[in-house]
file target19.cif (mmCIF, C-alpha atoms)
data_work
#
loop_
_atom_site.label_atom_id
_atom_site.label_comp_id
_atom_site.auth_asym_id
_atom_site.auth_seq_id
_atom_site.Cartn_x
_atom_site.Cartn_y
_atom_site.Cartn_z
CA MET A 1 5.01 -26.41 6.28
CA LYS A 2 1.55 -24.82 6.21
CA LEU A 3 0.91 -21.11 6.76
CA THR A 4 -2.05 -19.01 7.90
CA PHE A 5 -2.13 -15.39 6.67
CA ALA A 6 -4.51 -12.96 8.39
CA TYR A 7 -5.44 -9.45 7.25
CA ASP A 8 -8.56 -7.25 7.01
CA VAL A 9 -8.42 -6.88 3.22
CA VAL A 10 -11.70 -7.49 1.33
CA ILE A 11 -11.18 -10.16 -1.34
CA GLU A 12 -13.87 -10.68 -3.95
CA HIS A 13 -15.31 -14.20 -4.31
CA LEU A 14 -17.03 -15.10 -7.56
CA GLU A 15 -20.28 -16.76 -6.52
CA GLY A 16 -20.54 -20.47 -7.19
CA THR A 17 -16.82 -20.87 -7.93
CA GLU A 18 -13.49 -21.26 -6.19
CA GLN A 19 -12.22 -18.09 -7.84
CA TYR A 20 -11.07 -15.10 -5.79
CA PHE A 21 -9.92 -11.69 -7.01
CA HIS A 22 -7.97 -8.72 -5.72
CA ASN A 23 -5.94 -6.14 -7.63
CA TYR A 24 -3.10 -6.09 -5.10
CA PHE A 25 -3.32 -9.49 -3.37
CA ASP A 26 -3.15 -11.43 -6.59
CA TYR A 27 -1.57 -14.88 -6.85
CA THR A 28 1.93 -13.46 -7.42
CA VAL A 29 1.81 -12.02 -3.88
CA TRP A 30 1.04 -15.43 -2.39
CA GLN A 31 3.97 -16.89 -4.33
CA ARG A 32 6.28 -14.86 -2.09
CA TYR A 33 5.25 -17.11 0.77
CA LEU A 34 4.90 -20.28 -1.30
CA SER A 35 8.62 -20.04 -2.06
CA VAL A 36 9.08 -21.08 1.58
CA PHE A 37 5.77 -22.61 2.77
CA ASP A 38 3.88 -25.49 1.17
CA THR A 39 0.37 -24.02 1.49
CA ILE A 40 -1.33 -20.79 2.58
CA GLU A 41 -4.75 -20.30 4.11
CA VAL A 42 -5.85 -16.66 3.86
CA ILE A 43 -8.19 -15.35 6.55
CA SER A 44 -9.81 -12.11 5.39
CA ARG A 45 -13.06 -10.36 4.74
CA GLN A 46 -14.81 -11.40 1.52
CA LYS A 47 -17.34 -9.88 -0.82
CA GLU A 48 -19.59 -12.11 -2.89
CA VAL A 49 -19.77 -10.90 -6.50
CA ASP A 50 -20.98 -12.08 -9.88
CA SER A 51 -19.14 -11.58 -13.14
CA GLY A 52 -20.95 -8.28 -13.74
CA SER A 53 -20.27 -6.70 -10.35
CA ARG A 54 -16.64 -7.74 -9.91
CA GLN A 55 -14.34 -4.71 -9.45
CA ASN A 56 -11.01 -6.47 -8.97
CA LEU A 57 -9.38 -7.68 -12.17
CA LYS A 58 -6.49 -9.81 -10.94
CA VAL A 59 -6.86 -13.43 -9.81
CA SER A 60 -5.93 -14.09 -6.18
CA SER A 61 -6.72 -17.81 -6.10
CA GLY A 62 -4.33 -20.48 -7.30
CA PRO A 63 -2.61 -23.76 -6.39
CA GLU A 64 -1.91 -24.31 -2.67
CA VAL A 65 -3.90 -21.19 -1.61
CA THR A 66 -7.24 -21.44 0.21
CA PHE A 67 -9.47 -18.71 1.61
CA LEU A 68 -11.39 -18.51 4.87
CA LYS A 69 -14.03 -15.81 5.27
CA ALA A 70 -14.05 -13.70 8.44
CA PRO A 71 -16.58 -11.00 9.41
CA SER A 72 -15.50 -7.39 9.71
CA LEU A 73 -14.30 -6.08 13.09
CA SER A 74 -14.10 -2.49 11.89
CA ASP A 75 -16.71 -0.94 14.21
CA PRO A 76 -17.24 -1.04 18.01
CA VAL A 77 -20.37 -3.20 17.78
CA SER A 78 -18.80 -5.90 15.61
CA MET A 79 -15.69 -5.91 17.79
CA ILE A 80 -17.95 -7.19 20.58
CA THR A 81 -20.55 -9.23 18.71
CA LYS A 82 -18.22 -10.85 16.15
CA ARG A 83 -15.10 -11.33 18.27
CA LYS A 84 -15.93 -14.89 19.38
CA GLU A 85 -16.79 -15.94 15.81
CA VAL A 86 -13.49 -14.58 14.49
CA ILE A 87 -11.54 -16.32 17.25
CA GLU A 88 -13.10 -19.65 16.25
CA ILE A 89 -12.23 -19.03 12.60
CA ILE A 90 -8.61 -18.31 13.50
CA LYS A 91 -8.44 -21.41 15.71
CA LYS A 92 -9.91 -23.50 12.90
CA SER A 93 -7.20 -22.37 10.52
CA LEU A 94 -4.35 -22.74 12.99
CA SER A 95 -5.50 -26.27 13.85
CA THR A 96 -4.42 -27.33 10.36
CA THR A 97 -1.40 -25.05 9.81
CA ASP A 98 2.02 -24.69 11.44
CA ALA A 99 2.61 -20.93 11.60
CA MET A 100 0.92 -17.59 11.02
CA ILE A 101 1.76 -14.22 9.47
CA VAL A 102 -0.45 -11.21 10.23
CA ARG A 103 -0.38 -7.90 8.41
CA LEU A 104 -0.71 -4.67 10.40
CA PRO A 105 -2.41 -2.32 10.94
CA SER A 106 -5.58 -4.38 11.02
CA GLU A 107 -8.25 -5.37 13.48
CA ILE A 108 -7.84 -9.09 12.93
CA GLY A 109 -4.05 -8.95 13.36
CA PRO A 110 -3.70 -8.40 17.13
CA LEU A 111 -6.58 -10.78 17.80
CA ALA A 112 -5.00 -13.48 15.62
CA VAL A 113 -1.71 -13.08 17.51
CA GLU A 114 -3.55 -13.50 20.81
CA VAL A 115 -5.07 -16.75 19.54
CA ALA A 116 -1.75 -18.04 18.18
CA LYS A 117 0.00 -17.38 21.49
CA SER A 118 -2.80 -19.04 23.46
CA ILE A 119 -2.49 -22.30 21.50
CA GLY A 120 1.28 -22.23 21.08
CA LYS A 121 1.62 -21.45 17.38
CA PRO A 122 4.57 -19.36 16.09
CA TYR A 123 3.72 -16.09 14.38
CA ALA A 124 5.27 -13.15 12.55
CA VAL A 125 4.03 -9.68 11.66
CA GLU A 126 4.24 -7.50 8.57
CA VAL A 127 4.18 -3.79 9.42
CA VAL A 128 2.88 -1.90 6.39
CA GLY A 129 1.34 1.29 7.82
CA HIS A 130 0.92 3.64 10.76
CA ALA A 131 -2.29 2.95 12.70
CA TRP A 132 -2.43 6.47 14.14
CA ASP A 133 -2.27 8.19 10.75
CA ALA A 134 -4.80 5.80 9.22
CA LEU A 135 -7.42 6.33 11.91
CA TRP A 136 -6.76 9.99 12.70
CA ASN A 137 -7.34 10.83 9.03
CA TYR A 138 -10.25 8.44 8.63
CA GLY A 139 -12.67 11.32 8.25
CA ASN A 140 -14.84 11.24 11.39
CA TRP A 141 -14.62 11.58 15.16
CA LYS A 142 -14.81 7.81 15.68
CA GLY A 143 -11.46 7.35 13.95
CA LYS A 144 -9.82 10.01 16.12
CA VAL A 145 -11.19 8.42 19.29
CA TYR A 146 -9.99 4.96 18.28
CA ALA A 147 -6.58 6.06 16.95
CA PRO A 148 -4.71 5.89 20.30
CA ILE A 149 -6.31 2.53 21.17
CA MET A 150 -5.40 0.90 17.87
CA THR A 151 -1.91 2.39 17.98
CA TRP A 152 -1.34 0.97 21.47
CA LYS A 153 -2.58 -2.49 20.38
CA MET A 154 -0.31 -2.44 17.35
CA LYS A 155 2.73 -1.28 19.33
CA LYS A 156 2.22 -4.12 21.81
CA THR A 157 1.75 -6.70 19.06
CA VAL A 158 4.84 -5.66 17.10
CA LYS A 159 7.04 -5.23 20.17
CA ASN A 160 6.59 -8.84 21.26
CA ALA A 161 6.64 -10.42 17.80
CA PRO A 162 9.51 -12.89 17.30
CA PHE A 163 9.72 -11.88 13.61
CA ALA A 164 8.73 -8.53 12.06
CA LEU A 165 8.96 -7.38 8.45
CA TYR A 166 8.73 -3.60 7.88
CA VAL A 167 8.07 -1.99 4.50
CA THR A 168 10.03 1.14 5.49
CA ARG A 169 13.69 1.58 6.32
CA GLU A 170 13.20 3.75 9.43
CA PHE A 171 9.74 5.31 9.81
CA LEU A 172 7.64 2.37 10.98
CA GLN A 173 10.56 0.90 12.97
CA LYS A 174 10.69 4.13 14.97
CA HIS A 175 6.97 4.08 15.79
CA TYR A 176 6.59 0.30 16.22
CA PRO A 177 9.89 -1.13 17.48
CA THR A 178 10.24 -4.87 18.00
CA LYS A 179 12.34 -7.04 20.30
CA GLY A 180 12.32 -9.77 17.67
CA HIS A 181 14.27 -10.45 14.49
CA SER A 182 13.37 -7.84 11.84
CA ILE A 183 14.02 -6.78 8.28
CA ASN A 184 13.02 -3.87 6.05
CA CYS A 185 11.55 -5.00 2.73
CA SER A 186 8.99 -3.12 0.63
CA ASN A 187 5.92 -4.94 -0.70
CA VAL A 188 6.18 -3.32 -4.13
CA GLU A 189 6.30 -5.53 -7.25
CA LEU A 190 8.76 -4.18 -9.84
CA PRO A 191 10.23 -6.09 -12.77
CA SER A 192 13.80 -5.48 -13.90
CA LEU A 193 14.20 -1.87 -15.03
CA PRO A 194 16.12 -1.37 -18.28
CA LYS A 195 18.06 1.88 -18.69
CA SER A 196 15.91 2.62 -21.74
CA ILE A 197 13.16 3.80 -19.34
CA LEU A 198 15.34 6.70 -18.24
CA GLU A 199 16.38 7.43 -21.82
CA ASP A 200 12.73 7.43 -22.96
CA ARG A 201 11.87 9.85 -20.16
CA LYS A 202 14.55 12.26 -21.39
CA VAL A 203 13.06 12.08 -24.88
CA VAL A 204 9.63 12.99 -23.46
CA MET A 205 11.15 15.93 -21.61
CA ASP A 206 12.72 17.13 -24.85
CA GLY A 207 9.31 17.16 -26.51
CA ASN A 208 6.56 19.75 -26.37
CA ASN A 209 5.68 20.24 -22.70
CA ASP A 210 3.39 23.25 -22.98
CA THR A 211 0.85 21.39 -20.81
CA ILE A 212 2.35 19.47 -17.89
CA LYS A 213 0.54 16.20 -17.17
CA ILE A 214 0.49 15.55 -13.41
CA GLY A 215 -0.70 12.23 -12.01
CA LEU A 216 -1.80 10.61 -8.77
CA ILE A 217 -2.64 6.96 -8.07
CA GLY A 218 -4.98 6.46 -5.13
CA SER A 219 -8.38 5.35 -3.92
CA MET A 220 -11.15 7.91 -4.29
CA VAL A 221 -13.13 6.24 -1.52
CA SER A 222 -11.40 8.01 1.37
CA LYS A 223 -9.35 11.14 1.99
CA TYR A 224 -6.16 9.22 2.81
CA LYS A 225 -4.55 9.98 -0.53
CA GLY A 226 -4.90 13.76 -0.26
CA ILE A 227 -6.76 14.26 -3.55
CA ASP A 228 -8.39 17.35 -2.05
CA ILE A 229 -4.98 18.81 -1.16
CA ALA A 230 -3.75 18.16 -4.70
CA LEU A 231 -6.77 19.94 -6.17
CA GLN A 232 -6.42 22.87 -3.78
CA GLY A 233 -2.72 23.18 -4.55
CA LEU A 234 -3.33 23.13 -8.30
CA HIS A 235 -6.09 25.71 -7.91
CA LEU A 236 -3.52 28.10 -6.41
CA ILE A 237 -1.32 27.91 -9.52
CA LYS A 238 -3.98 27.50 -12.20
CA ASP A 239 -3.13 30.91 -13.69
CA GLU A 240 0.65 30.32 -13.51
CA ILE A 241 1.07 27.14 -15.54
CA SER A 242 -0.81 25.01 -18.04
CA PHE A 243 -1.51 21.57 -16.55
CA GLU A 244 -3.71 18.50 -16.74
CA PHE A 245 -4.25 16.59 -13.50
CA ARG A 246 -5.00 12.87 -13.79
CA VAL A 247 -6.24 10.67 -10.94
CA ILE A 248 -6.60 6.90 -11.22
CA GLY A 249 -8.08 4.65 -8.55
CA GLU A 250 -11.09 2.78 -7.23
CA GLY A 251 -14.21 4.54 -6.05
CA ASN A 252 -16.69 7.17 -7.20
CA PRO A 253 -15.00 10.45 -8.24
CA THR A 254 -18.16 12.57 -7.78
CA GLU A 255 -16.90 14.29 -4.61
CA TRP A 256 -13.58 15.21 -6.21
CA ASP A 257 -15.27 16.19 -9.46
CA GLU A 258 -17.46 18.64 -7.56
CA LEU A 259 -14.47 20.03 -5.64
CA SER A 260 -12.50 20.59 -8.84
CA ARG A 261 -15.53 22.36 -10.31
CA ASN A 262 -15.83 24.61 -7.26
CA LEU A 263 -12.12 25.42 -7.51
CA GLY A 264 -12.48 26.42 -11.14
CA ILE A 265 -10.21 23.69 -12.55
CA ARG A 266 -12.72 21.06 -13.69
CA ASN A 267 -11.61 21.34 -17.30
CA LYS A 268 -8.05 20.52 -16.19
CA VAL A 269 -8.86 17.33 -14.24
CA LYS A 270 -9.48 13.76 -15.46
CA PHE A 271 -10.51 10.71 -13.44
CA TYR A 272 -9.68 7.14 -14.48
CA SER A 273 -10.98 3.75 -13.36
CA PRO A 274 -8.33 1.50 -11.81
CA VAL A 275 -6.15 -0.79 -13.91
CA PRO A 276 -4.03 -3.70 -12.66
CA SER A 277 -0.49 -3.14 -11.49
CA GLY A 278 2.29 -4.02 -13.88
CA GLU A 279 2.23 -3.07 -17.55
CA PRO A 280 -1.22 -1.36 -17.52
CA ILE A 281 -0.27 1.06 -14.74
CA PHE A 282 3.25 1.55 -16.16
CA LYS A 283 1.69 2.57 -19.48
CA TRP A 284 -0.52 5.09 -17.66
CA LEU A 285 2.48 6.50 -15.78
CA ASP A 286 4.60 6.76 -18.92
CA ASP A 287 2.17 9.34 -20.30
CA LEU A 288 2.77 11.70 -17.35
CA ASP A 289 5.35 14.43 -16.82
CA LEU A 290 5.19 14.62 -13.02
CA TYR A 291 3.81 12.48 -10.18
CA ILE A 292 2.50 13.62 -6.78
CA GLN A 293 1.74 11.65 -3.60
CA PRO A 294 -0.02 14.10 -1.22
CA SER A 295 -1.14 11.38 1.22
CA PHE A 296 -2.18 11.82 4.85
CA GLN A 297 -0.98 8.32 5.76
CA GLU A 298 1.30 5.75 4.16
CA GLY A 299 3.71 2.96 4.93
CA LEU A 300 5.95 2.97 1.89
CA PRO A 301 3.66 3.82 -1.04
CA ARG A 302 3.88 1.31 -3.86
CA ALA A 303 2.35 3.80 -6.27
CA LEU A 304 5.13 6.30 -5.67
CA ILE A 305 7.85 3.68 -6.21
CA GLU A 306 6.08 2.55 -9.39
CA ALA A 307 6.12 6.16 -10.61
CA MET A 308 9.80 6.49 -9.73
CA SER A 309 10.50 3.29 -11.65
CA ARG A 310 9.25 5.09 -14.78
CA ALA A 311 11.82 7.86 -14.13
CA LEU A 312 9.12 10.36 -13.19
CA PRO A 313 10.07 13.39 -11.10
CA ALA A 314 7.86 13.27 -8.02
CA ILE A 315 6.58 15.29 -5.07
CA GLY A 316 5.17 13.82 -1.86
CA SER A 317 3.94 14.64 1.63
CA ASP A 318 6.03 14.05 4.74
CA VAL A 319 4.15 10.98 6.00
CA GLY A 320 5.29 7.40 6.38
CA GLY A 321 8.27 6.36 4.31
CA ILE A 322 7.82 9.03 1.59
CA PRO A 323 10.76 11.14 2.87
CA GLU A 324 12.91 7.99 2.61
CA LEU A 325 12.31 7.99 -1.14
CA LEU A 326 12.33 11.61 -2.31
CA SER A 327 14.72 14.57 -2.16
CA PRO A 328 14.02 16.80 0.87
CA ASP A 329 12.99 19.76 -1.31
CA CYS A 330 10.38 17.55 -3.01
CA VAL A 331 8.58 16.84 0.27
CA PHE A 332 5.88 19.05 1.81
CA LYS A 333 3.92 19.04 5.04
CA ALA A 334 0.87 16.77 4.72
CA GLY A 335 -2.28 18.86 4.26
CA ASN A 336 -0.39 22.01 3.26
CA ALA A 337 -1.77 22.90 -0.18
CA GLU A 338 0.22 26.14 -0.32
CA GLU A 339 3.54 24.34 0.16
CA LEU A 340 2.58 21.74 -2.43
CA ALA A 341 1.69 24.52 -4.89
CA SER A 342 5.03 26.21 -4.32
CA ILE A 343 7.04 23.03 -4.97
CA LEU A 344 4.90 22.19 -8.00
CA LEU A 345 5.45 25.61 -9.51
CA ARG A 346 9.20 25.43 -8.97
CA MET A 347 9.40 21.91 -10.40
CA VAL A 348 7.36 22.73 -13.49
CA ARG A 349 9.38 25.85 -14.26
CA ASP A 350 12.79 24.24 -13.66
CA ARG A 351 13.54 21.74 -16.42
CA GLN A 352 16.96 20.89 -14.95
CA LYS A 353 15.39 20.09 -11.59
CA ARG A 354 12.93 17.70 -13.23
CA GLU A 355 15.79 15.98 -15.06
CA LYS A 356 17.78 15.65 -11.84
CA GLU A 357 14.84 14.17 -9.90
CA SER A 358 13.97 11.87 -12.79
CA GLU A 359 17.42 10.29 -12.73
CA LYS A 360 17.58 10.15 -8.93
CA ASN A 361 14.15 8.52 -8.65
CA PHE A 362 14.97 5.90 -11.26
CA LYS A 363 18.18 4.96 -9.45
CA THR A 364 16.29 4.71 -6.16
CA ALA A 365 13.64 2.48 -7.76
CA LEU A 366 16.35 0.05 -8.86
CA GLU A 367 16.73 -0.89 -5.18
CA TYR A 368 13.10 -2.10 -5.15
CA THR A 369 13.05 -4.55 -8.04
CA ASN A 370 11.75 -8.08 -7.54
CA LEU A 371 15.22 -9.53 -8.04
CA ILE A 372 16.51 -7.69 -4.98
CA LEU A 373 13.43 -7.74 -2.74
CA ASN A 374 12.44 -11.36 -3.38
CA GLU A 375 15.86 -12.59 -2.29
CA ARG A 376 15.71 -10.59 0.95
CA ARG A 377 12.12 -11.57 1.62
CA THR A 378 12.64 -15.27 0.91
CA THR A 379 15.67 -15.39 3.19
CA PHE A 380 13.69 -13.76 6.01
CA TRP A 381 10.66 -16.02 5.67
CA GLY A 382 12.99 -19.00 5.42
CA GLU A 383 14.42 -18.05 8.81
CA PHE A 384 10.89 -17.74 10.19
CA SER A 385 10.03 -21.17 8.77
CA GLN A 386 13.06 -22.69 10.51
CA PHE A 387 12.01 -20.97 13.74
CA ALA A 388 8.49 -22.36 13.36
CA GLU A 389 9.89 -25.83 12.76
CA SER A 390 12.04 -25.71 15.88
CA PHE A 391 9.15 -24.16 17.78
CA LYS A 392 6.98 -27.12 16.78
CA LYS A 393 9.56 -29.60 18.02
CA VAL A 394 9.79 -27.88 21.40
CA MET A 395 6.01 -27.85 21.76
#

call {"tool": "encode", "arguments": {"input": "target19.cif", "output": "structure tokens"}}
result
Amino acid sequence: MKLTFAYDVVIEHLEGTEQYFHNYFDYTVWQRYLSVFDTIEVISRQKEVDSGSRQNLKVSSGPEVTFLKAPSLSDPVSMITKRKEVIEIIKKSLSTTDAMIVRLPSEIGPLAVEVAKSIGKPYAVEVVGHAWDALWNYGNWKGKVYAPIMTWKMKKTVKNAPFALYVTREFLQKHYPTKGHSINCSNVELPSLPKSILEDRKVVMDGNNDTIKIGLIGSMVSKYKGIDIALQGLHLIKDEISFEFRVIGEGNPTEWDELSRNLGIRNKVKFYSPVPSGEPIFKWLDDLDLYIQPSFQEGLPRALIEAMSRALPAIGSDVGGIPELLSPDCVFKAGNAEELASILLRMVRDRQKREKESEKNFKTALEYTNLILNERRTTFWGEFSQFAESFKKVM
């Protein structure tokens, strides 16, 4: 059975080749679906790059995966001028495939579902984030104006979907309920986690911790990840504790560098270029003492679960599925730098608290390993495949 996958993600295409790259949507992600479907055609935005300008390190292309380029629908003008072109692209793909999965929130998702329904093709949705939070915190008035419209479109799409996969246990289900068959299954990729990780963390805690190394994984392109809130919170306690704040992610750090300078903590902050998930990011996390996720919007943050899998004590904002992962007293109101500073100070000063959260986080992360999630995910997509097969016979 052949599958179409539609999402707004920008995948890099190496000019003159059939090679595609993306640090998250690498080939291992497509293998989740290839365990059930024979082929996948990915409809997404693309960026043409040469070997010198490529920013994504991981290979997305591979056997039985093809890519179809679609224009962006991310602004009001393109929504009107490019809509017909995107519809034709979706129809072209669905004319050669048997079923479709769309990832939400996205602009192409609801439109792709409309097309699938109009031509009688079965579809499913993956709900990975909250449209309202994403647009409301986009950074300009246009996002705030469009937030209720996009949220309404997403609610309608998810509600009527025959199959819906949520990355959270409760949060997204509450905001985007479905009448169809559903499952909760994170999109994180974690290998098996040996107990030695927790033991190694205890050794690190026993060492010299005069300077606490605090980390954050997140894009520096937008304000979604709350880097400004982290810097403001650390500024409030700069005279109370000795710390080094490390941020790793895509984008230019100039804005955050200037903010840290203005807050008087520039000598305590380091910015890192992104590295692939897996061992490179685990190595980066292993050199930290504490992880923070001060986001303004999330589904279920992969970065936080990755940090927890390294037995790191962690603090996060109250958005998305973060409160499903962390202890209540490790969660603060999104945007509240003072509350973040207070929790940080208490965590740094309380060694026993850090030990307790380290062990709790590691045990929680064990529930998100590939062994567990792949089995749940494969079973769910197998049921969708059977539905699509029966759907095809009826049609």

call {"tool": "atom_distance", "arguments": {"input": "target19.cif", "atom1": "CA of Arg261 (chain A)", "atom2": "CA of Leu290 (chain A)"}}
result
22.3 Å

call {"tool": "residues_around", "arguments": {"input": "target19.cif", "residues": "Leu231 (chain A)", "least_positions_apart": "3", "cutoff": "12 Å", "atoms": "all atoms listed in the file", "output": "PyMOL selection string"}}
result
chain A and resi 214-216+225-228+234-238+243-247+255-266+268-270+292+294+335-338+340-341

call {"tool": "write_last_selection", "arguments": {"input": "target19.cif", "atoms": "C-alpha atoms", "output": "compact mmCIF listing (two decimals), in the frame of the given file"}}
result
# COMPACT_ATOMS: atom_id res chain seq x y z
CA ILE A 214 0.49 15.55 -13.41
CA GLY A 215 -0.70 12.23 -12.01
CA LEU A 216 -1.80 10.61 -8.77
CA LYS A 225 -4.55 9.98 -0.53
CA GLY A 226 -4.90 13.76 -0.26
CA ILE A 227 -6.76 14.26 -3.55
CA ASP A 228 -8.39 17.35 -2.05
CA LEU A 234 -3.33 23.13 -8.30
CA HIS A 235 -6.09 25.71 -7.91
CA LEU A 236 -3.52 28.10 -6.41
CA ILE A 237 -1.32 27.91 -9.52
CA LYS A 238 -3.98 27.50 -12.20
CA PHE A 243 -1.51 21.57 -16.55
CA GLU A 244 -3.71 18.50 -16.74
CA PHE A 245 -4.25 16.59 -13.50
CA ARG A 246 -5.00 12.87 -13.79
CA VAL A 247 -6.24 10.67 -10.94
CA GLU A 255 -16.90 14.29 -4.61
CA TRP A 256 -13.58 15.21 -6.21
CA ASP A 257 -15.27 16.19 -9.46
CA GLU A 258 -17.46 18.64 -7.56
CA LEU A 259 -14.47 20.03 -5.64
CA SER A 260 -12.50 20.59 -8.84
CA ARG A 261 -15.53 22.36 -10.31
CA ASN A 262 -15.83 24.61 -7.26
CA LEU A 263 -12.12 25.42 -7.51
CA GLY A 264 -12.48 26.42 -11.14
CA ILE A 265 -10.21 23.69 -12.55
CA ARG A 266 -12.72 21.06 -13.69
CA LYS A 268 -8.05 20.52 -16.19
CA VAL A 269 -8.86 17.33 -14.24
CA LYS A 270 -9.48 13.76 -15.46
CA ILE A 292 2.50 13.62 -6.78
CA PRO A 294 -0.02 14.10 -1.22
CA GLY A 335 -2.28 18.86 4.26
CA ASN A 336 -0.39 22.01 3.26
CA ALA A 337 -1.77 22.90 -0.18
CA GLU A 338 0.22 26.14 -0.32
CA LEU A 340 2.58 21.74 -2.43
CA ALA A 341 1.69 24.52 -4.89

call {"tool": "resolve_selection", "arguments": {"input": "target19.cif", "expression": "the PyMOL selection byres ((chain A and resi 298) around 12)", "output": "ChimeraX atom specification"}}
result
/A:105,127-135,137,167-168,171-172,218,224-226,293-297,299-304,316-324,334

call {"tool": "atom_distance", "arguments": {"input": "target19.cif", "atom1": "CA of Ser106 (chain A)", "atom2": "CA of Glu48 (chain A)"}}
result
21.2 Å

call {"tool": "closest_residue", "arguments": {"input": "target19.cif", "among": "A:Ser93, A:Ser60, A:Ser222, A:Thr157", "to": "Glu107 (chain A)", "atoms": "only C-alpha atoms"}}
result
A:Thr157

call {"tool": "closest_residue", "arguments": {"input": "target19.cif", "among": "A:Ile241, A:Val10, A:Ala388, A:Ala365", "to": "Met347 (chain A)", "atoms": "only C-alpha atoms"}}
result
A:Ile241

call {"tool": "closest_residue", "arguments": {"input": "target19.cif", "among": "A:Glu306, A:Glu199, A:Ser385, A:Ile281", "to": "Asp38 (chain A)", "atoms": "all atoms listed in the file"}}
result
A:Ser385

call {"tool": "atom_distance", "arguments": {"input": "target19.cif", "atom1": "CA of Glu359 (chain A)", "atom2": "CA of Ile315 (chain A)"}}
result
14.2 Å

call {"tool": "closest_residue", "arguments": {"input": "target19.cif", "among": "A:Ala99, A:Ile43, A:Asp210, A:Ser35", "to": "Met1 (chain A)", "atoms": "only C-alpha atoms"}}
result
A:Ala99

call {"tool": "residues_around", "arguments": {"input": "target19.cif", "residues": "Phe282 (chain A)", "least_positions_apart": "5", "cutoff": "8 Å", "atoms": "all atoms listed in the file", "output": "mmCIF file with C-alpha atoms, in the coordinates of the input"}}
result
data_model
loop_
_atom_site.group_PDB
_atom_site.id
_atom_site.type_symbol
_atom_site.label_atom_id
_atom_site.label_comp_id
_atom_site.auth_asym_id
_atom_site.auth_seq_id
_atom_site.Cartn_x
_atom_site.Cartn_y
_atom_site.Cartn_z
ATOM 1 C CA SER A 277 -0.490 -3.140 -11.490
ATOM 2 C CA GLU A 306 6.080 2.550 -9.390
ATOM 3 C CA ALA A 307 6.120 6.160 -10.610
ATOM 4 C CA ARG A 310 9.250 5.090 -14.780
#

call {"tool": "closest_residue", "arguments": {"input": "target19.cif", "among": "A:Ala311, A:Val275, A:Ile248, A:Ala6", "to": "Met220 (chain A)", "atoms": "all atoms listed in the file"}}
result
A:Ile248

call {"tool": "closest_residue", "arguments": {"input": "target19.cif", "among": "A:Ser309, A:Ser78, A:Asn187, A:Asn23", "to": "Arg54 (chain A)", "atoms": "only C-alpha atoms"}}
result
A:Asn23

call {"tool": "decode", "arguments": {"input": "target19.cif", "residues": "region 171-196 of chain A", "atoms": "C-alpha atoms", "output": "compact mmCIF listing (two decimals), in the first residue's frame"}}
result
# COMPACT_ATOMS: atom_id res chain seq x y z
CA PHE A 171 -3.13 18.22 26.45
CA LEU A 172 -3.71 18.12 22.70
CA GLN A 173 -6.61 15.67 23.07
CA LYS A 174 -8.36 18.23 25.26
CA HIS A 175 -7.93 21.07 22.75
CA TYR A 176 -8.42 19.01 19.56
CA PRO A 177 -10.77 16.10 20.33
CA THR A 178 -11.58 13.58 17.62
CA LYS A 179 -14.55 11.34 16.89
CA GLY A 180 -12.22 8.84 15.25
CA HIS A 181 -9.89 6.12 16.51
CA SER A 182 -6.95 7.70 18.38
CA ILE A 183 -3.75 6.92 20.22
CA ASN A 184 -1.15 8.89 22.18
CA CYS A 185 2.40 8.25 20.97
CA SER A 186 5.32 10.68 21.16
CA ASN A 187 7.48 11.31 18.08
CA VAL A 188 10.72 11.20 20.07
CA GLU A 189 13.50 8.80 19.00
CA LEU A 190 15.21 7.21 22.02
CA PRO A 191 17.39 4.11 21.99
CA SER A 192 17.33 1.66 24.89
CA LEU A 193 18.47 3.39 28.08
CA PRO A 194 20.93 1.44 30.22
CA LYS A 195 20.86 2.05 33.97
CA SER A 196 24.48 3.20 33.72
